Amino acid sequence: MAAAPEVPSSPTTGLNSALETRRMAPEERVAALMDGLHSILEKAVESPSHWQVLLDASASLWRYSGGNVALLMMQMAQRGTDEPTLVAGYKEWERHGRTVLRGEHALWVIAPRTARVRQVLLPDGTRHRVPVDDKAPKGAVDEGKKTLIIGWRGQAVFDVSQTEGAPLLVPRSAGLTPVEVPRLWESLAGVARAHGFSVHVTDSQFGLTSGFTDFAKHRVQVGGWLNSEERAAVLAHELGHVLLHGPNDNVGKLYGSSVDHRGLAEVEAESVAYTVLKAHGIDRGPQSASYLSGWADAVIEAEQSAAGATPGKPPASRVDIAKSVLGRVTSASKEILEATDPPGLGGKVPPAEASAQVEGQETYAGLTPAEGPPRGLEISGP
């Protein structure tokens with residue numbers, strides 16, 4: 001588990017007390033959460049080590065957005081407790097036979113406010129959205145219902161360490177065995193193929209790199225001289241480019257050239273690889289250090305590029321760029337991890353009606369395993 005991050009100074013040090021001591025209007029709560037996220041990202045730009053701590057947390061809570069991972073980590077750190085491991089709402093814990101301990105205060109995340117609408121095609125060829133219960137205009141063709149995000153709200157959740165009750169079995173891995181690494185490679189290659197890219201292991205080298213993504217030929221190249229774990233890491237890095245830095249990605253272009261292996265684009269790709277491998281129990285910290293240490297400089301360079309690319313408009317701030325990168329990295333990592341299926345639950349409790357298969361070593365939440373050979377790490381809980 002990564003070391004708890006340094007708690008940023010005001011306003012985030014008062015975020016928990018602000019959220020807990022009085023009832024806040026929805027708009028106030030969202031504003032307080034956004035202020036806290038702003039301070040976290042400010043700290044991450046100032047110190048690359050804080051960026052790596054965010055990635056560590058994202059590897060454990062990969063089913064959450066990057067912003068919510070940061071908020072959960074910050075709130076737990078401010079309370080002087082362990083980092084969050086498994087998070088759910090009050091009623092979801094009840095469905096799993098667990099209750100929130102008396103006196104526990106909620107953790108807060110940002111969730112969308114949604115509305116159901118009906119999309120219709122009008123006689124003049126234009127499309128229009130109307131509330132589901134409203135009558136469609138005359139002559140309009142019903143094209144079905146859609147769910148739209150109409151705003152944001154604060155949502156109360158609790159970590160498993162704040163609950164007691166029925167034990168939960170959570171698959172947990174201490175790292176991949178030599179037999180499992182090829183399986184990870186195949187699942188990563190499957191992600192590449194799903195996006196129309198072929199994967200080739202070759203002794204040919206593009207410059208001094210161990211891997212290369214050719215968007216024109218839809219081809220990913222990985223060095224044949226690498227061992228199996230290094231190949232998987234390089235392929236995960238190149239998938240970061242595939243998902244984030246295509247020729248039509250204007251944000252990716254702003255963040256630097258993946259062809260020249262420079263700029264924030266490279267930090268994004270390596271951040272994706274670091275998160276994916278970490279979720280599978282492989283710590284690439286030393287190998288990723290050279291990329292991630294340039295995080296702050298790359299953000300500043302992107303800020304300057306934004307200033308030059310948008311004359312007459314205020315440049316994107318460093319915090320805005322950091323927020324964008326965190327969102328892009330965690331989104332790409334989630335897409336990959338949904339395909340590679342790492343041990344654990346990604347920080348979210350599965351639906352209560354689902355009976356998750358437990359493979360390999362198990363982690364017990366709320367129950368001490370019987371004596372005998374160790375079967376995994378124990379999630380803290382009463």
# chains A, B, ... in the order shown; residues from 1 in each chain; ligands from 1

$ residues_around --residues "Glu27 of chain A" --least-positions-apart "5" --cutoff "9 Å" --atoms "only C-alpha atoms" --output "ChimeraX atom specification"
/A:32,152-154

$ write_last_selection --atoms "N, CA and C atoms" --output "mmCIF file, in the first residue's frame"
data_model
loop_
_atom_site.group_PDB
_atom_site.id
_atom_site.type_symbol
_atom_site.label_atom_id
_atom_site.label_comp_id
_atom_site.auth_asym_id
_atom_site.auth_seq_id
_atom_site.Cartn_x
_atom_site.Cartn_y
_atom_site.Cartn_z
ATOM 1 N N ALA A 32 -17.449 22.540 -2.320
ATOM 2 C CA ALA A 32 -16.425 22.176 -1.339
ATOM 3 C C ALA A 32 -15.573 21.018 -1.833
ATOM 4 N N TRP A 152 -24.309 17.912 -11.102
ATOM 5 C CA TRP A 152 -23.478 17.104 -10.221
ATOM 6 C C TRP A 152 -23.974 17.229 -8.786
ATOM 7 N N ARG A 153 -23.712 16.199 -8.000
ATOM 8 C CA ARG A 153 -24.137 16.183 -6.608
ATOM 9 C C ARG A 153 -23.088 15.454 -5.773
ATOM 10 N N GLY A 154 -23.113 15.704 -4.472
ATOM 11 C CA GLY A 154 -22.259 14.953 -3.568
ATOM 12 C C GLY A 154 -22.959 13.664 -3.156
#

$ closest_residue --among "A:Gln75, A:Gln162, A:Ser47, A:Gln119" --to "Gly89 of chain A" --atoms "only C-alpha atoms"
A:Gln162

$ atom_distance --atom1 "atom CA of Arg95 of chain A" --atom2 "atom CA of Thr330 of chain A"
28.2 Å

$ residues_around --residues "segment 199-211 of chain A" --least-positions-apart "4" --cutoff "10 Å" --atoms "only C-alpha atoms" --output "list in words"
Leu188, Ala189, Gly190, Ala192, Arg193, His218, Arg219, Val220, Gln221, Val222, Gly223, Gly224, Trp225, Leu226, Glu230, Arg231, Ala233, Val234, Leu235, His237, Glu238, Asp260 and His261 of chain A

$ atom_distance --atom1 "atom CA of Val191 of chain A" --atom2 "atom CA of Leu239 of chain A"
7.8 Å

$ atom_distance --atom1 "atom CA of Leu337 of chain A" --atom2 "atom CA of Trp62 of chain A"
7.9 Å

$ closest_residue --among "A:Glu229, A:Asp133, A:Asp214, A:Asp56" --to "Gly246 of chain A" --atoms "only C-alpha atoms"
A:Asp214

$ residues_around --residues "Leu101 of chain A" --least-positions-apart "2" --cutoff "10 Å" --atoms "only C-alpha atoms" --output "MDAnalysis selection string"
chainID A and resid 98:99 103:105 158 161:165 382
